[in-house]
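Peer 1: Hey, dropping input.cif in here, mmCIF, C-alpha atoms and all ligand atoms:
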data_target
loop_
_atom_site.label_atom_id
_atom_site.label_comp_id
_atom_site.auth_asym_id
_atom_site.auth_seq_id
_atom_site.Cartn_x
_atom_site.Cartn_y
_atom_site.Cartn_z
CA MET A 16 -124.17 15.00 -4.20
CA ALA A 17 -126.75 17.76 -3.87
CA GLU A 18 -129.90 17.38 -5.89
CA ASP A 19 -129.03 20.24 -8.17
CA GLU A 20 -125.83 18.43 -9.05
CA ILE A 21 -127.57 15.34 -10.39
CA PRO A 22 -125.76 14.56 -13.62
CA ILE A 23 -127.77 14.70 -16.79
CA LEU A 24 -126.55 11.70 -18.70
CA PRO A 25 -126.19 11.32 -22.42
CA LEU A 26 -129.33 9.45 -23.46
CA ASP A 27 -127.84 6.32 -24.91
CA LEU A 28 -125.13 5.01 -22.60
CA GLU A 29 -124.21 1.38 -23.18
CA PRO A 30 -125.34 -0.72 -20.24
CA SER A 31 -122.76 -3.09 -18.78
CA LEU A 32 -122.17 -5.54 -15.96
CA GLU A 33 -119.17 -3.62 -14.68
CA GLY A 34 -119.10 -3.50 -10.89
CA TRP A 35 -121.71 -6.22 -10.47
CA ASP A 36 -120.90 -8.68 -7.72
CA THR A 37 -122.35 -11.83 -9.15
CA THR A 38 -121.08 -13.95 -6.30
CA CYS A 39 -122.77 -12.19 -3.43
CA ILE A 40 -124.77 -14.14 -0.91
CA HIS A 41 -128.48 -13.57 -0.84
CA LYS A 42 -129.69 -12.26 2.47
CA THR A 43 -132.81 -14.37 2.88
CA THR A 44 -132.18 -17.63 1.19
CA TRP A 45 -129.81 -20.50 0.98
CA GLN A 46 -129.04 -19.51 -2.55
CA THR A 47 -126.58 -17.08 -3.89
CA PRO A 48 -128.27 -14.53 -6.13
CA GLN A 49 -126.07 -15.96 -8.83
CA ALA A 50 -127.82 -19.25 -8.27
CA ARG A 51 -131.25 -17.73 -7.90
CA TYR A 52 -130.81 -15.09 -10.61
CA SER A 53 -129.01 -16.47 -13.59
CA ASP A 54 -128.28 -15.34 -17.11
CA LEU A 55 -127.59 -11.70 -16.28
CA GLN A 56 -127.80 -9.39 -19.27
CA PRO A 57 -127.19 -5.65 -19.08
CA ILE A 58 -130.21 -3.69 -20.30
CA GLY A 59 -130.14 -0.17 -18.96
CA VAL A 60 -128.17 2.53 -17.30
CA GLY A 61 -129.15 5.70 -15.51
CA ALA A 62 -127.44 8.25 -13.32
CA PHE A 63 -128.06 6.16 -10.21
CA GLY A 64 -128.18 2.60 -11.34
CA THR A 65 -127.22 -0.01 -13.87
CA VAL A 66 -129.91 -2.50 -14.76
CA CYS A 67 -129.69 -6.13 -15.87
CA SER A 68 -132.31 -8.60 -16.82
CA ALA A 69 -131.95 -11.98 -15.14
CA TYR A 70 -133.79 -15.26 -14.91
CA ASP A 71 -135.30 -15.86 -11.48
CA LEU A 72 -134.98 -19.62 -10.99
CA LYS A 73 -137.14 -19.62 -7.88
CA GLU A 74 -140.14 -17.94 -9.49
CA ASN A 75 -139.41 -19.04 -13.05
CA ARG A 76 -139.63 -15.63 -14.62
CA ARG A 77 -137.34 -12.95 -15.93
CA VAL A 78 -136.78 -9.99 -13.64
CA ALA A 79 -134.92 -6.71 -13.85
CA ILE A 80 -132.20 -6.10 -11.27
CA LYS A 81 -130.94 -2.58 -10.63
CA LYS A 82 -127.61 -2.14 -8.91
CA MET A 83 -127.61 1.23 -7.26
CA ILE A 84 -124.55 3.30 -8.10
CA GLU A 85 -122.72 4.45 -4.97
CA PRO A 86 -125.73 4.48 -2.67
CA PHE A 87 -123.42 5.67 0.09
CA GLY A 88 -121.45 8.14 -2.02
CA SER A 89 -122.94 10.94 0.05
CA LYS A 90 -125.76 11.66 2.46
CA ASP A 91 -127.97 12.74 -0.45
CA HIS A 92 -127.21 9.58 -2.39
CA ALA A 93 -128.19 7.44 0.57
CA LYS A 94 -131.36 9.42 1.15
CA ARG A 95 -132.31 9.05 -2.50
CA ALA A 96 -131.57 5.32 -2.41
CA PHE A 97 -133.67 4.83 0.71
CA ARG A 98 -136.56 6.81 -0.75
CA GLU A 99 -136.49 4.85 -3.97
CA MET A 100 -136.64 1.44 -2.30
CA HIS A 101 -139.21 2.57 0.22
CA LEU A 102 -141.51 4.08 -2.42
CA LEU A 103 -141.15 1.15 -4.79
CA ASN A 104 -142.11 -1.13 -1.94
CA HIS A 105 -145.11 1.00 -1.06
CA CYS A 106 -146.64 0.88 -4.53
CA ASN A 107 -148.51 -2.14 -5.80
CA HIS A 108 -150.15 -1.31 -9.09
CA GLU A 109 -150.23 -2.70 -12.60
CA ASN A 110 -148.76 0.49 -14.08
CA ILE A 111 -145.95 0.97 -11.59
CA VAL A 112 -142.87 -1.14 -11.36
CA GLY A 113 -142.78 -2.94 -8.02
CA LEU A 114 -140.07 -4.18 -5.71
CA LEU A 115 -139.98 -7.98 -5.89
CA ASP A 116 -136.83 -8.42 -3.83
CA ILE A 117 -133.82 -6.53 -2.56
CA PHE A 118 -130.40 -7.80 -1.56
CA TYR A 119 -126.94 -6.57 -0.72
CA SER A 120 -123.36 -7.59 -1.32
CA PRO A 121 -121.66 -10.43 0.63
CA CYS A 122 -120.97 -10.16 4.33
CA SER A 123 -122.64 -6.78 4.47
CA SER A 124 -122.99 -5.06 7.79
CA PRO A 125 -124.56 -1.75 8.74
CA ASP A 126 -121.12 -0.45 9.66
CA LYS A 127 -119.54 -0.35 6.26
CA ASN A 128 -120.65 0.42 2.72
CA PHE A 129 -122.32 -2.31 0.70
CA ASP A 130 -123.86 -2.68 -2.74
CA VAL A 131 -127.63 -2.63 -3.07
CA TYR A 132 -129.57 -4.56 -5.71
CA LEU A 133 -133.29 -3.98 -6.38
CA VAL A 134 -135.25 -6.74 -8.12
CA MET A 135 -138.25 -5.55 -10.14
CA GLN A 136 -140.68 -6.80 -12.75
CA MET A 137 -138.93 -7.10 -16.07
CA MET A 138 -140.19 -4.97 -18.92
CA SER A 139 -138.98 -5.41 -22.46
CA SER A 140 -138.27 -1.80 -23.34
CA ASP A 141 -138.77 1.80 -22.40
CA LEU A 142 -140.48 4.53 -24.40
CA HIS A 143 -137.21 6.24 -25.27
CA SER A 144 -135.83 3.10 -26.92
CA LEU A 145 -139.17 2.27 -28.51
CA LEU A 146 -139.55 5.69 -30.11
CA LYS A 147 -136.02 5.53 -31.43
CA ASN A 148 -136.92 2.43 -33.39
CA GLN A 149 -140.53 2.82 -34.40
CA ALA A 150 -143.43 5.20 -34.88
CA LEU A 151 -146.45 4.55 -32.69
CA GLY A 152 -149.99 4.32 -34.04
CA ASP A 153 -152.74 6.35 -32.41
CA GLU A 154 -154.17 3.29 -30.62
CA HIS A 155 -150.83 2.63 -28.97
CA ILE A 156 -150.42 6.23 -27.97
CA GLN A 157 -153.91 6.22 -26.45
CA PHE A 158 -153.22 3.07 -24.51
CA PHE A 159 -149.84 4.27 -23.25
CA VAL A 160 -151.14 7.69 -22.22
CA TYR A 161 -154.08 6.01 -20.48
CA GLN A 162 -151.81 3.71 -18.53
CA VAL A 163 -149.49 6.53 -17.44
CA PHE A 164 -152.48 8.50 -16.14
CA ARG A 165 -153.86 5.37 -14.47
CA GLY A 166 -150.52 4.89 -12.68
CA LEU A 167 -150.41 8.57 -11.75
CA LYS A 168 -153.90 8.38 -10.26
CA TYR A 169 -152.60 5.70 -7.93
CA ILE A 170 -149.41 7.46 -6.88
CA HIS A 171 -150.98 10.90 -6.56
CA SER A 172 -153.82 9.54 -4.45
CA ALA A 173 -151.12 7.99 -2.25
CA LYS A 174 -149.74 11.55 -1.95
CA ILE A 175 -146.64 10.78 -3.94
CA VAL A 176 -145.36 12.99 -6.75
CA HIS A 177 -143.06 11.19 -9.20
CA ARG A 178 -141.28 14.36 -10.43
CA ASP A 179 -139.15 12.70 -13.10
CA LEU A 180 -141.46 11.41 -15.82
CA LYS A 181 -139.65 11.03 -19.12
CA PRO A 182 -139.59 8.38 -21.86
CA ASN A 183 -136.67 6.52 -20.21
CA ASN A 184 -138.72 6.16 -17.03
CA ILE A 185 -141.72 4.64 -18.76
CA ALA A 186 -141.22 0.94 -19.39
CA VAL A 187 -143.34 -1.08 -21.79
CA ASN A 188 -143.83 -4.71 -22.77
CA GLU A 189 -144.43 -6.46 -26.08
CA ASN A 190 -148.15 -6.55 -25.29
CA SER A 191 -148.15 -2.78 -24.71
CA GLU A 192 -148.43 -2.98 -20.93
CA LEU A 193 -146.76 -0.02 -19.31
CA ARG A 194 -145.14 0.63 -15.95
CA ILE A 195 -143.73 3.83 -14.52
CA LEU A 196 -140.14 3.39 -13.32
CA ASP A 197 -137.62 5.15 -11.17
CA PHE A 198 -138.86 6.70 -7.99
CA GLY A 199 -135.48 8.20 -7.22
CA LEU A 200 -136.76 11.76 -7.28
CA ALA A 201 -140.25 11.05 -6.02
CA ARG A 202 -141.46 12.84 -2.91
CA GLU A 203 -144.27 12.86 -0.51
CA LYS A 204 -146.66 15.45 -1.86
CA ASP A 205 -146.56 17.99 0.93
CA GLU A 206 -142.86 17.89 1.44
CA ALA A 207 -141.02 21.08 0.55
CA MET A 208 -140.14 20.74 -3.09
CA THR A 209 -136.64 21.55 -4.17
CA GLY A 210 -135.82 23.33 -7.39
CA TYR A 211 -134.12 20.45 -9.10
CA ILE A 212 -136.55 17.88 -10.30
CA ALA A 213 -137.15 16.13 -13.59
CA THR A 214 -134.74 15.87 -16.42
CA ARG A 215 -134.65 19.28 -18.00
CA TRP A 216 -136.72 18.68 -21.14
CA TYR A 217 -139.68 17.31 -19.20
CA ARG A 218 -139.53 19.83 -16.39
CA ALA A 219 -142.69 21.82 -15.72
CA PRO A 220 -142.50 25.61 -16.04
CA GLU A 221 -143.53 26.14 -12.41
CA VAL A 222 -140.41 24.24 -11.36
CA MET A 223 -138.11 26.20 -13.62
CA LEU A 224 -139.67 29.50 -12.68
CA SER A 225 -139.55 28.76 -8.98
CA TRP A 226 -143.10 29.08 -7.94
CA THR A 227 -143.38 28.97 -4.17
CA GLU A 228 -145.32 25.79 -4.34
CA TYR A 229 -145.93 23.22 -6.94
CA ASP A 230 -147.61 19.88 -6.78
CA ASP A 231 -148.58 16.78 -8.65
CA LYS A 232 -149.40 18.83 -11.76
CA VAL A 233 -145.69 18.65 -12.56
CA ASP A 234 -146.30 15.01 -13.46
CA VAL A 235 -149.22 15.96 -15.73
CA TRP A 236 -146.86 18.31 -17.57
CA GLY A 237 -144.38 15.44 -17.91
CA VAL A 238 -147.08 13.26 -19.52
CA GLY A 239 -147.82 16.07 -21.97
CA CYS A 240 -144.17 16.26 -23.05
CA VAL A 241 -143.97 12.48 -23.38
CA MET A 242 -147.26 12.32 -25.29
CA ALA A 243 -146.10 15.00 -27.72
CA GLU A 244 -142.91 13.00 -28.21
CA MET A 245 -144.96 9.90 -28.98
CA LEU A 246 -146.81 11.85 -31.67
CA THR A 247 -143.77 13.40 -33.34
CA ARG A 248 -140.90 11.13 -32.22
CA ARG A 249 -139.01 14.26 -31.24
CA PRO A 250 -138.62 15.74 -27.77
CA LEU A 251 -141.05 18.64 -27.44
CA PHE A 252 -138.74 21.03 -25.60
CA PRO A 253 -135.13 19.92 -26.12
CA GLY A 254 -133.66 22.96 -24.39
CA VAL A 255 -129.89 23.01 -24.10
CA ASP A 256 -130.17 25.08 -20.93
CA HIS A 257 -132.82 26.74 -18.78
CA VAL A 258 -133.07 29.87 -20.91
CA ASN A 259 -133.30 27.94 -24.15
CA LEU A 260 -135.92 25.61 -22.65
CA LEU A 261 -138.03 28.52 -21.54
CA GLY A 262 -137.66 30.11 -24.98
CA LEU A 263 -138.92 26.92 -26.64
CA MET A 264 -141.91 26.77 -24.30
CA LEU A 265 -142.82 30.38 -25.00
CA GLU A 266 -142.52 29.85 -28.76
CA LEU A 267 -145.05 27.01 -28.72
CA LEU A 268 -147.33 28.01 -25.87
CA GLY A 269 -147.19 31.78 -26.19
CA THR A 270 -146.04 34.33 -23.63
CA PRO A 271 -147.92 33.84 -20.36
CA ASN A 272 -150.15 36.66 -19.18
CA GLU A 273 -149.41 39.07 -16.33
CA GLU A 274 -151.63 37.11 -13.93
CA TYR A 275 -149.33 34.15 -14.42
CA LEU A 276 -146.12 36.17 -14.35
CA ASN A 277 -147.10 37.71 -11.03
CA GLN A 278 -147.15 34.27 -9.46
CA ILE A 279 -143.50 33.69 -10.25
CA THR A 280 -141.58 34.24 -7.05
CA SER A 281 -138.24 34.93 -8.66
CA GLU A 282 -138.22 38.56 -9.70
CA SER A 283 -135.35 38.01 -12.10
CA ALA A 284 -137.22 35.17 -13.85
CA ARG A 285 -140.32 37.34 -14.09
CA ASN A 286 -138.42 40.27 -15.51
CA PHE A 287 -136.45 38.03 -17.83
CA ILE A 288 -139.65 36.77 -19.47
CA ARG A 289 -140.80 40.36 -19.92
CA THR A 290 -137.64 41.11 -21.90
CA LEU A 291 -138.29 38.27 -24.35
CA PRO A 292 -140.16 38.75 -27.63
CA VAL A 293 -143.90 38.24 -27.16
CA HIS A 294 -145.19 35.03 -28.73
CA ASN A 295 -148.70 33.90 -29.52
CA ARG A 296 -149.67 30.33 -28.76
CA LYS A 297 -149.13 28.18 -31.85
CA GLN A 298 -152.05 26.24 -33.26
CA PHE A 299 -151.67 22.67 -32.10
CA GLN A 300 -153.58 21.35 -35.15
CA VAL A 301 -150.81 22.77 -37.29
CA TYR A 302 -147.94 21.83 -34.98
CA PHE A 303 -149.20 18.27 -34.47
CA ASN A 304 -150.48 18.04 -38.02
CA GLY A 305 -152.32 14.77 -38.68
CA ALA A 306 -152.76 13.78 -35.04
CA ASN A 307 -156.12 12.62 -33.70
CA PRO A 308 -158.11 15.81 -32.82
CA ASP A 309 -158.90 14.33 -29.40
CA ALA A 310 -155.17 13.85 -28.76
CA ILE A 311 -154.60 17.48 -29.71
CA ASP A 312 -157.41 18.61 -27.42
CA LEU A 313 -155.94 16.68 -24.50
CA LEU A 314 -152.50 18.14 -25.16
CA GLU A 315 -154.02 21.64 -25.29
CA LYS A 316 -155.36 21.01 -21.81
CA ILE A 317 -152.10 19.63 -20.46
CA LEU A 318 -149.58 22.04 -21.91
CA ILE A 319 -150.76 25.05 -19.96
CA PHE A 320 -148.29 27.16 -18.02
CA ASP A 321 -150.51 27.67 -14.99
CA PRO A 322 -150.68 24.37 -13.06
CA ASN A 323 -153.99 25.46 -11.55
CA LYS A 324 -155.50 25.59 -15.02
CA ARG A 325 -153.76 22.45 -16.27
CA ILE A 326 -156.02 19.39 -16.53
CA SER A 327 -156.06 17.07 -13.50
CA VAL A 328 -155.28 13.36 -13.70
CA GLU A 329 -158.94 12.49 -13.02
CA ASP A 330 -160.18 14.77 -15.79
CA ALA A 331 -157.53 13.45 -18.16
CA LEU A 332 -158.71 9.90 -17.50
CA ALA A 333 -162.23 11.03 -18.38
CA HIS A 334 -161.10 12.85 -21.54
CA PRO A 335 -162.60 11.62 -24.85
CA TYR A 336 -159.13 10.63 -26.10
CA LEU A 337 -158.93 7.95 -23.43
CA THR A 338 -162.60 6.85 -23.42
CA LYS A 339 -161.77 3.61 -25.14
CA TYR A 340 -159.76 2.42 -22.14
CA ALA A 341 -161.12 4.43 -19.23
CA ASP A 342 -162.91 2.49 -16.54
CA PRO A 343 -163.24 4.36 -13.24
CA THR A 344 -164.07 1.09 -11.48
CA ASP A 345 -160.68 -0.26 -12.47
CA GLU A 346 -158.48 2.74 -11.69
CA PRO A 347 -157.47 2.06 -8.10
CA ILE A 348 -156.15 4.64 -5.70
CA GLY A 349 -153.12 4.02 -3.49
CA PRO A 350 -152.66 3.88 0.27
CA ILE A 351 -151.34 7.17 1.67
CA TYR A 352 -147.55 7.19 1.71
CA ILE A 353 -145.77 8.32 4.82
CA ASP A 354 -142.03 8.76 4.60
CA PRO A 355 -140.53 7.55 7.88
CA THR A 356 -137.51 9.80 7.32
CA LYS A 357 -139.51 12.91 6.48
CA ASP A 358 -138.24 15.15 9.25
CA ALA A 359 -135.09 13.21 9.97
CA ASP A 360 -131.74 14.85 9.54
CA LEU A 361 -129.64 11.72 9.32
CA ASN A 362 -125.94 11.47 8.70
CA LEU A 363 -124.47 9.02 6.24
CA GLU A 364 -123.94 6.28 8.85
CA GLU A 365 -127.52 6.58 10.00
CA TRP A 366 -128.82 6.37 6.43
CA ARG A 367 -126.70 3.27 5.90
CA LYS A 368 -128.23 1.67 8.98
CA MET A 369 -131.75 2.57 7.74
CA ILE A 370 -131.04 0.95 4.38
CA PHE A 371 -129.52 -2.12 5.99
CA LYS A 372 -132.53 -2.52 8.25
CA PHE A 373 -134.91 -2.07 5.32
CA ILE A 374 -133.17 -4.88 3.43
CA GLU A 375 -133.05 -7.11 6.49
CA ASN A 376 -136.76 -6.66 7.15
CA PHE A 377 -137.91 -6.78 3.55
CA LYS A 378 -140.77 -9.21 2.97
CA PRO A 379 -141.72 -9.89 -0.64
CA ILE A 380 -145.44 -9.59 -1.40
CA ASP A 381 -147.50 -10.65 -4.39
CA ARG A 382 -147.11 -7.79 -6.82
CA LEU A 383 -149.66 -6.79 -9.42
N1 LIG B 1 -137.89 -3.04 -14.64
C1 LIG B 1 -137.24 -2.74 -15.74
N2 LIG B 1 -137.43 -3.44 -16.88
C2 LIG B 1 -136.77 -3.11 -18.01
N3 LIG B 1 -135.88 -2.11 -18.11
C3 LIG B 1 -135.63 -1.38 -17.02
C4 LIG B 1 -136.28 -1.65 -15.78
N4 LIG B 1 -135.82 -0.77 -14.87
C5 LIG B 1 -134.95 0.02 -15.51
N5 LIG B 1 -134.82 -0.34 -16.80
C6 LIG B 1 -133.94 0.28 -17.81
O1 LIG B 1 -132.82 0.85 -17.16
C7 LIG B 1 -132.79 2.29 -17.36
C8 LIG B 1 -132.29 2.97 -16.09
O2 LIG B 1 -133.15 2.64 -15.00
P1 LIG B 1 -133.60 3.72 -13.93
O3 LIG B 1 -134.29 4.86 -14.64
O4 LIG B 1 -134.37 3.06 -12.86
O5 LIG B 1 -132.17 4.18 -13.37
P2 LIG B 1 -131.71 5.55 -12.75
O6 LIG B 1 -130.25 5.51 -12.54
O7 LIG B 1 -132.55 5.85 -11.55
O8 LIG B 1 -132.08 6.55 -13.92
P3 LIG B 1 -132.11 8.12 -13.99
O9 LIG B 1 -130.86 8.53 -14.68
O10 LIG B 1 -133.35 8.35 -14.85
O11 LIG B 1 -132.28 8.67 -12.61
C9 LIG B 1 -134.22 2.66 -17.77
O12 LIG B 1 -134.25 3.81 -18.59
C10 LIG B 1 -134.67 1.42 -18.53
O13 LIG B 1 -134.20 1.45 -19.85
#
Rewrite the structure of this file - the entire thing - as structure tokens.

Peer 2:
Amino acid sequence: MAEDEIPILPLDLEPSLEGWDTTCIHKTTWQTPQARYSDLQPIGVGAFGTVCSAYDLKENRRVAIKKMIEPFGSKDHAKRAFREMHLLNHCNHENIVGLLDIFYSPCSSPDKNFDVYLVMQMMSSDLHSLLKNQALGDEHIQFFVYQVFRGLKYIHSAKIVHRDLKPNNIAVNENSELRILDFGLAREKDEAMTGYIATRWYRAPEVMLSWTEYDDKVDVWGVGCVMAEMLTRRPLFPGVDHVNLLGLMLELLGTPNEEYLNQITSESARNFIRTLPVHNRKQFQVYFNGANPDAIDLLEKILIFDPNKRISVEDALAHPYLTKYADPTDEPIGPIYIDPTKDADLNLEEWRKMIFKFIENFKPIDRL
């Protein structure tokens, strides 16, 4: 499946255990995963995986296990699967979900397709489910936004761009700890960026309007959309298609100036915007009526069309809205990520071998 064909799923699919091989033999141990991971309960579903919580009898803790959907369905699927496991394994940070273990289906060999299961820290909910059920107080919003930026500082300093931040990809615990999930679309920063990234509503304008280059500021935009959703409990830009999404952005943020429009590489996109009614930027104090003025100020600095003028992660962490939690001595940076497959043009069989080897060689580490 090409990246621009990634299905956009209805938001609330019922998770299930369908297709789970609960009898498969664990690669590294004497135990079957069924014996090591018991009490499987479906908790989540995405376009590329179904997720269960399970009790890890060896470590005496609950974990989340994601079964990748058709990792070998196509070359692009396999590439995505490899990237996800490799990136998850690279990151070790309190605000990023980590790879505790990985295993495959019974009698797997590199020569034929096999199922892949990723074991991660278990979180109790994600922001999408949380917001469906409850309103968040300002303190919670502050703490969540802080933690997302803290996680982004780590991944961006490692030269990784997440590219798919949205409430479903932000997991939280009862004690308000937060971890960023789902590195399926993440990329090494300098890699050529493709047009399709991020679920539509959270997609930065520079991605939609095909700027020649875009960078980690797409993730800052994503935080802005998620933060606005935390304040109002409604998606900020629920566009039904590209044109509608752009229209919603222009209505709130005003028509961008010529300097900005001239940076859009697609002539048709540029001209299209010029045909639309001219909007003035709405007053955020009115739109986000009742919100903490510092929250509004931070949003003003995030929701800016031009990524070069959009606030950076470092400056966001130092913003007055997050002062209560900010501690530059406790906001670690990450080791630079190098994708071993960066310039590789592998076929499906070769990807399968890469994934098999990764699982074979996987060594669990102590995860934060
Ligand atoms: N570690 C975890 N703890 C708790 N819930 C989780 C965990 N990992 C995933 N989930 C749940 O499962 C859902 C799907 O997981 P994930 O986003 O990783 O799958 P995906 O197929 O890559 O999704 P997408 O459609 O966003 O690409 C999440 O939205 C979340 O509700």

Peer 1: Compare A:Asp309, A:Glu329, A:Glu221, A:Glu365 by their minimum atom-to-atom distance to Thr280 in chain A, counting all atoms listed in the file, and give me the closest one.

Peer 2: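 Nearest candidate to Thr280 in chain A out of A:Asp309, A:Glu329, A:Glu221, A:Glu365: A:Glu221.
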
Peer 1: All residues within 8 Å of ligand LIG 1 (chain B) are required, counting only C-alpha atoms and all ligand atoms; please report them as a VMD selection string.

Peer 2: chain A and resid 22 to 24 58 to 68 78 to 81 83 to 84 112 134 to 141 143 to 144 179 182 to 187 196 to 200 214

Peer 1: So which one's closest to His105 in chain A, A:Leu180, A:Ile351, A:Ala359, A:Leu276? Using only C-alpha atoms, please.

Peer 2: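 Using only C-alpha atoms, His105 in chain A sits closest to A:Ile351.
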
Peer 1: Would you please work out which residue, of A:Asn323, A:Ser124, A:Asn110, A:Ser53, is nearest to Asn75 in chain A when using all atoms listed in the file?

Peer 2: A:Ser53

Peer 1: Set the distance at 12 Å and use only C-alpha atoms: which residues neighbour Phe129 in chain A once local chain neighbours fewer than 2 positions away are removed? I'd like the list as a VMD selection string.

Peer 2: chain A and resid 35 to 36 39 82 to 88 93 118 to 127 131 to 132 364 367 to 368 370 to 371 374

Peer 1: Which residue gives the smallest distance to Gly305 in chain A among A:Lys372, A:Leu114, A:Leu246, A:Ser191, with all atoms listed in the file counted?

Peer 2: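 Selected residue with least distance to Gly305 in chain A: A:Leu246.
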
Peer 1: With distances taken over only C-alpha atoms, which residue among A:His294, A:Arg178, A:Met223, A:Ile311 lies nearest Ala243 in chain A?

Peer 2: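 Once distances to Ala243 in chain A are computed over only C-alpha atoms, the minimum belongs to A:Ile311.
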
Peer 1: Distance CA of Glu346 in chain A-CA of Val238 in chain A, one decimal place?

Peer 2: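 Interatomic distance, CA of Glu346 in chain A to CA of Val238 in chain A: 17.4 Å.
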
Peer 1: Could you produce a table of the residues of range 110-201 of chain A lying within 8 Å of range 379-383 of chain A, with the nearest pair of atoms per residue and their separation in Å rounded to one decimal, using all atoms listed in the file, ordered by chain and increasing residue number, as JSON lines?

Peer 2:
{"residue": "A:Gly113", "atom": "CA", "partner": "A:Arg382", "partner_atom": "CA", "distance": 6.6}
{"residue": "A:Leu114", "atom": "CA", "partner": "A:Pro379", "partner_atom": "CA", "distance": 7.8}
{"residue": "A:Leu115", "atom": "CA", "partner": "A:Pro379", "partner_atom": "CA", "distance": 5.9}
{"residue": "A:Asp116", "atom": "CA", "partner": "A:Pro379", "partner_atom": "CA", "distance": 6.0}

Peer 1: Grab the CA of Lys90 in chain A to CA of Arg194 in chain A distance for me, in Å with one decimal place.

Peer 2: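 Separation between CA of Lys90 in chain A and CA of Arg194 in chain A: 28.9 Å.
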
Peer 1: Quick one: pull the distance between CA of Tyr302 in chain A and CA of Thr247 in chain A, Å, one decimal.

Peer 2: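 Calculated distance between CA of Tyr302 in chain A and CA of Thr247 in chain A is 9.5 Å.
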
Peer 1: A:Phe252, A:Trp236, A:Tyr352, A:Tyr336: which is nearest Asp321 in chain A, counting only C-alpha atoms?

Peer 2: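 The closest residue to Asp321 in chain A is A:Trp236.
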
Peer 1: For Leu261 in chain A, work out the shell of residues within 9 Å, counting only C-alpha atoms and skipping chain neighbours fewer than 5 positions away, then give it as a list in words.

Peer 2: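 That gives Pro220, Met223, Phe252, Gly254, Asp256, Glu266 and Ile288 of chain A.
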
Peer 1: At a cut-off of 7 Å, using only C-alpha atoms, what residues contact range 154-162 of chain A? Leave out same-chain residues fewer than 6 positions from it and give the result as a ChimeraX atom specification.

Peer 2: /A:110,193,242,245,332,336-337,340

Peer 1: Can you write out the residues you just picked, keeping C-alpha atoms, as a short mmCIF file (atom, residue, chain, number, x, y, z; two decimals), in the coordinates of the input?

Peer 2:
data_model
loop_
_atom_site.label_atom_id
_atom_site.label_comp_id
_atom_site.auth_asym_id
_atom_site.auth_seq_id
_atom_site.Cartn_x
_atom_site.Cartn_y
_atom_site.Cartn_z
CA ASN A 110 -148.76 0.49 -14.08
CA LEU A 193 -146.76 -0.02 -19.31
CA MET A 242 -147.26 12.32 -25.29
CA MET A 245 -144.96 9.90 -28.98
CA LEU A 332 -158.71 9.90 -17.50
CA TYR A 336 -159.13 10.63 -26.10
CA LEU A 337 -158.93 7.95 -23.43
CA TYR A 340 -159.76 2.42 -22.14
#
